[in-house]
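S.K.: Mind having a look at this structure? Questions to follow.
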Amino acid sequence: MSAKIKTLAIALAASTLMVGAANAAGFSRGNADTDIIYEEGNFNIRAGAVYVSPSRGYETINGAAATDPNFVENYAVPSAAIKLNITDNARCAGTYTQVYGGNTTYGPQKINADLLIMGGMPTSNATESVDLDVSEMALTCGYGVDLGKGRAWILGGVFLEKFNYTEDTIFGTLSFDGDHTPGYRIGAAYEIPEIALRAQLMYRSSVTHTPDGTYLGAVPGALAPGLYTTTGVGTTPQSVELKVQSGIAAGTLLFASVKWTDWSVIDTLDYVIAGVVPSQNEYYWEDAWTVSVGVGRQFTDNISGSLSLTWDQGVSTGYDMLTDTWTLGTGVRMKGEHGALSLGGGISYLTAGSQEAGKADFDATVGGDWSYAIGGNYVVNF
């Protein structure tokens with residue numbers, strides 16, 4: 001069993017990455033490809049992307065049937081990783097991905113519901129679209145020592161998060177372009193390669209961003225729209241993830257993961273325009289769990305595949321409608337002489353939900369919706 005099962009273990013990280021970005025809780029997008037640390041070879045490069053097409057739209061707005069189109073935009077998540085063996089026991093990997101994001105464009109029915117009209121004039125700043133992008137560059141290293149029948153690893157590293165945000169409203173455009181702000185990850189793992197057993201626990205820190213930006217538009221008391229400086233503050237969440245895999249039969253591998261994310265740290269996004277107009281976007285999310293289980297199978301020496309099911313817990317508490325997500329994903333890996341191509345896809349079911357006036361600006365519901373993802377990556381081993 002050992003030769004095929006070890007090859008399959010290497011394949012699974014790549015094939016299951018294809019559908020991870022379909023999850024919808026919070027602003028989750030991609031994860032750093034730190035699994036490349038376990039790849040065989042002295043030098044490895046892996047790069048790819050996932051394209052996700054959600055179909056999420058309002059079912060009702062203030063009790064009336066919604067006529068707006070879907071408000072969640074399609075998006076792509078890139079991923080790149082380079083691993084180098086420093087010594088027989090030490091390895092380091094540089095990675096890049098988009099860890100958080102959100103892209104929405106709203107229709108006229110939602111915008112009108114978002115307005116408060118007094119004296120024939122709008123007094124609330126209805127949002128027309130939002131574009132959020134939080135990218136991560138990281139260096140993660142591992143040091144392994146033989147222990148018992150296998151090898152124990154200590155893992156750790158630093159990352160830089162960059163926060164970019166643009167919000168178009170009826171009064172103007174708010175933009176933030178943040179600096180690269182540091183965070184860290186630390187973990188431990190134990191593996192027995194002969195049976196493809198690996199258990200890994202990894203912690204990723206939170207990051208507090210204080211970006212500068214601009215606001216182009218109207219502010220209270222101004223005679224005409226203008227360009228103003230802005231300052232903001234917001235925090236991305238910490239998380240803890242346990243991943244386990246093991247061979248269970250000849251050419252067959254079972255894998256699972258459990259991840260806790262501290263989404264409750266995101267109460268509000270606070271910002272000040274020109275030092276005199278304080279504002280905030282309210283979220284008040286709750287912490288959430290993501291649970292995944294799957295099976296991998298080695299079909300030939302060069303072809304393997306996987307099938308997985310993931311539950312991603314919703315985070316909303318009535319201020320918005322980020323609901324539970326169920327994702328069925330599949331992947332295939334085709335190995336060549338010097339590298340391997342992985343392709344995958346996933347279909348997600350986004351459960352129904354609602355927001356309520358008094359927390360949100362208006363009552364609204366969403367029904368059960370679907371999201372689709374496809375992706376691929378290629379790894380080169382030396």
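Within each chain, counting starts at residue 1; across the structure tokens, chains are named A, B, ... in the order shown, with ligands numbered 1 upward in that order.
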Could you list, as a PyMOL selection string, every residue within 12 Å of segment 322-324 of chain A, counting only C-alpha atoms and ignoring same-chain residues fewer than 3 positions away?
M.R.: chain A and resi 22-28+56-57+72+102+263+283-286+288-291+310-319+327+348-355+365-370
S.K.: Looking only at helix (DSSP H, G or I) from DSSP on the backbone, list the matching residues of segment 27-117 of chain A as a VMD selection string.
M.R.: chain A and resid 34 to 38 108 to 114
S.K.: Report the closest atom pair, with its distance in Å rounded to one decimal, for each residue of segment 147-218 of chain A that has an atom no farther than 8 Å from segment 244-256 of chain A; count only C-alpha atoms, sort by chain and then rising residue number, and write it as CSV.
M.R.:
```
residue,atom,partner,partner_atom,distance
A:Ile195,CA,A:Gly247,CA,5.3
A:Ala196,CA,A:Ser246,CA,5.2
A:Leu197,CA,A:Ser246,CA,4.1
A:Arg198,CA,A:Gln245,CA,5.4
A:Ala199,CA,A:Val244,CA,4.4
A:Gln200,CA,A:Val244,CA,6.5
```
S.K.: Taking only C-alpha atoms into account, which of A:Thr235, A:Asp270, A:Glu161, A:Ser292 comes nearest Val258 of chain A?
M.R.: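 Closest to Val258 of chain A of all the choices is A:Ser292.
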S.K.: At a cut-off of 6 Å, using only C-alpha atoms, what residues contact Met202 of chain A? Leave out same-chain residues fewer than 3 positions from it and give the result as a PDB file with N, CA and C atoms, in the first residue's frame.
M.R.:
```pdb
ATOM      1  N   ILE A 186       1.543  29.736  13.534  1.00  0.00           N
ATOM      2  CA  ILE A 186       2.382  28.778  14.243  1.00  0.00           C
ATOM      3  C   ILE A 186       1.609  27.476  14.364  1.00  0.00           C
ATOM      4  N   GLY A 187       2.335  26.355  14.273  1.00  0.00           N
ATOM      5  CA  GLY A 187       1.636  25.090  14.336  1.00  0.00           C
ATOM      6  C   GLY A 187       2.568  23.923  14.603  1.00  0.00           C
ATOM      7  N   VAL A 240      -8.005  28.851  14.039  1.00  0.00           N
ATOM      8  CA  VAL A 240      -7.301  27.628  14.407  1.00  0.00           C
ATOM      9  C   VAL A 240      -7.866  26.503  13.552  1.00  0.00           C
ATOM     10  N   GLU A 241      -6.965  25.725  12.910  1.00  0.00           N
ATOM     11  CA  GLU A 241      -7.430  24.648  12.034  1.00  0.00           C
ATOM     12  C   GLU A 241      -6.687  23.350  12.345  1.00  0.00           C
TER      13      GLU A 241
END
```
S.K.: Please, which residues of segment 57-236 of chain A, numbered as in this document, come out strand (DSSP E) from DSSP, as a PyMOL selection string?
M.R.: chain A and resi 60-61+64-65+75-85+90-105+117-118+121-122+127-147+150-169+172-192+197-204+207-209+212-217+226-236
S.K.: Record the distance separating atom CA of Thr230 of chain A and atom CA of Glu167 of chain A, expressed in Å with one decimal.
M.R.: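 Spanning atom CA of Thr230 of chain A to atom CA of Glu167 of chain A is a straight-line distance of 12.9 Å.
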S.K.: Give me the residues within 12 Å of Glu73 of chain A as a list of chain:residue names, counting only C-alpha atoms and dropping any in the same chain fewer than 5 places off.
M.R.: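 What passes the distance filter is A:Tyr51, A:Val52, A:Ser53, A:Pro54, A:Ser55, A:Arg56, A:Gly57, A:Gly101, A:Gly102, A:Asn103, A:Thr104, A:Thr105, A:Tyr106, A:Ser129, A:Val130, A:Asp131, A:Leu132, A:Ser371.
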S.K.: Give me, please, the distance in Å between atom CA of Asn302 of chain A and atom CA of Gly344 of chain A, quoted to one decimal.
M.R.: 16.3 Å
S.K.: For His338 of chain A, which residue out of A:Thr300, A:Thr97, A:Ser175, A:Asn381 is the nearest one, using only C-alpha atoms?
M.R.: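 That would be A:Asn381, the residue with the smallest distance to His338 of chain A.
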S.K.: Which residue is closest to Met334 of chain A? Choose from A:Asp301, A:Ser239, A:Leu174, A:Gly358 and count only C-alpha atoms.
M.R.: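 Of the candidates, the smallest distance to Met334 of chain A is held by A:Asp301.
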S.K.: Can you work out which one of A:Phe43, A:Phe171, A:Tyr271, A:Phe159 has the shortest atom-to-atom distance to Arg204 of chain A, counting only C-alpha atoms?
M.R.: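 When distances to Arg204 of chain A are compared using only C-alpha atoms, the smallest one comes from A:Phe159.
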S.K.: So which one's closest to Ser308 of chain A, A:Gly336, A:Gly296, A:Thr67, A:Ile82? Using only C-alpha atoms, please.
M.R.: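 Of all the options, A:Gly296 lies closest to Ser308 of chain A.
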S.K.: Env of Ala340 of chain A: 7 Å cut, atoms = only C-alpha atoms, seq-sep filter 2 positions within chain, self excluded. Answer as a JSON list (two decimals) with all heavy atoms, in the first residue's frame.
M.R.:
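Done, and the output landed in result-v7.json:
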```json
[["chain", "number", "residue", "atom", "x", "y", "z"],
["A", 333, "ARG", "N", -5.87, 14.74, -10.10],
["A", 333, "ARG", "CA", -4.46, 15.11, -10.26],
["A", 333, "ARG", "C", -3.81, 14.18, -11.28],
["A", 333, "ARG", "O", -3.93, 12.95, -11.17],
["A", 333, "ARG", "CB", -3.72, 15.04, -8.94],
["A", 333, "ARG", "CG", -2.27, 15.56, -9.00],
["A", 333, "ARG", "CD", -1.62, 15.36, -7.65],
["A", 333, "ARG", "NE", -0.41, 16.14, -7.46],
["A", 333, "ARG", "CZ", 0.83, 15.63, -7.40],
["A", 333, "ARG", "NH1", 1.01, 14.33, -7.55],
["A", 333, "ARG", "NH2", 1.86, 16.41, -7.18],
["A", 334, "MET", "N", -3.15, 14.79, -12.25],
["A", 334, "MET", "CA", -2.47, 14.03, -13.30],
["A", 334, "MET", "C", -0.98, 14.34, -13.23],
["A", 334, "MET", "O", -0.56, 15.47, -13.43],
["A", 334, "MET", "CB", -3.05, 14.41, -14.66],
["A", 334, "MET", "CG", -4.52, 14.03, -14.81],
["A", 334, "MET", "SD", -5.36, 14.90, -16.16],
["A", 334, "MET", "CE", -5.57, 16.53, -15.41],
["A", 335, "LYS", "N", -0.21, 13.31, -12.93],
["A", 335, "LYS", "CA", 1.21, 13.46, -12.67],
["A", 335, "LYS", "C", 2.02, 13.20, -13.93],
["A", 335, "LYS", "O", 1.79, 12.23, -14.65],
["A", 335, "LYS", "CB", 1.64, 12.50, -11.56],
["A", 335, "LYS", "CG", 3.11, 12.61, -11.18],
["A", 335, "LYS", "CD", 3.44, 11.60, -10.10],
["A", 335, "LYS", "CE", 4.92, 11.64, -9.75],
["A", 335, "LYS", "NZ", 5.28, 10.59, -8.75],
["A", 336, "GLY", "N", 2.98, 14.10, -14.21],
["A", 336, "GLY", "CA", 3.91, 13.92, -15.30],
["A", 336, "GLY", "C", 5.30, 13.63, -14.79],
["A", 336, "GLY", "O", 5.51, 13.38, -13.60],
["A", 342, "SER", "N", -3.40, 19.67, -11.43],
["A", 342, "SER", "CA", -4.60, 19.38, -10.65],
["A", 342, "SER", "C", -5.75, 20.24, -11.15],
["A", 342, "SER", "O", -5.58, 21.45, -11.38],
["A", 342, "SER", "CB", -4.36, 19.66, -9.16],
["A", 342, "SER", "OG", -3.39, 18.80, -8.63],
["A", 378, "TYR", "N", -0.72, 23.92, -11.05],
["A", 378, "TYR", "CA", 0.34, 23.07, -11.56],
["A", 378, "TYR", "C", 1.53, 23.17, -10.62],
["A", 378, "TYR", "O", 1.90, 24.26, -10.17],
["A", 378, "TYR", "CB", 0.76, 23.52, -12.97],
["A", 378, "TYR", "CG", 1.67, 22.53, -13.66],
["A", 378, "TYR", "CD1", 1.13, 21.40, -14.27],
["A", 378, "TYR", "CD2", 3.05, 22.70, -13.66],
["A", 378, "TYR", "CE1", 1.95, 20.47, -14.90],
["A", 378, "TYR", "CE2", 3.88, 21.78, -14.29],
["A", 378, "TYR", "CZ", 3.32, 20.66, -14.91],
["A", 378, "TYR", "OH", 4.13, 19.73, -15.51],
["A", 379, "VAL", "N", 2.11, 22.02, -10.30],
["A", 379, "VAL", "CA", 3.27, 21.97, -9.41],
["A", 379, "VAL", "C", 4.46, 21.39, -10.17],
["A", 379, "VAL", "O", 4.31, 20.44, -10.96],
["A", 379, "VAL", "CB", 2.97, 21.14, -8.13],
["A", 379, "VAL", "CG1", 2.64, 19.70, -8.47],
["A", 379, "VAL", "CG2", 4.14, 21.23, -7.15],
["A", 380, "VAL", "N", 5.61, 22.00, -9.94],
["A", 380, "VAL", "CA", 6.86, 21.53, -10.52],
["A", 380, "VAL", "C", 7.77, 21.12, -9.38],
["A", 380, "VAL", "O", 7.97, 21.88, -8.43],
["A", 380, "VAL", "CB", 7.53, 22.61, -11.39],
["A", 380, "VAL", "CG1", 8.85, 22.09, -11.96],
["A", 380, "VAL", "CG2", 6.61, 23.04, -12.51]]
```
S.K.: So what do you get for atom CA of Leu343 of chain A versus atom CA of Trp260 of chain A, distance-wise?
M.R.: 27.2 Å
S.K.: Using only C-alpha atoms, which of the listed residues (A:Pro108, A:Gly213, A:Gly94, A:Gly183) sits closest to Pro69 of chain A?
M.R.: A:Pro108
S.K.: Might you pull out every residue within 10 Å of Lys149 of chain A, with only C-alpha atoms counted and same-chain residues fewer than 5 positions away left off, and present them as a list in words?
M.R.: Glu191, Ile192, Pro193 and Glu194 of chain A
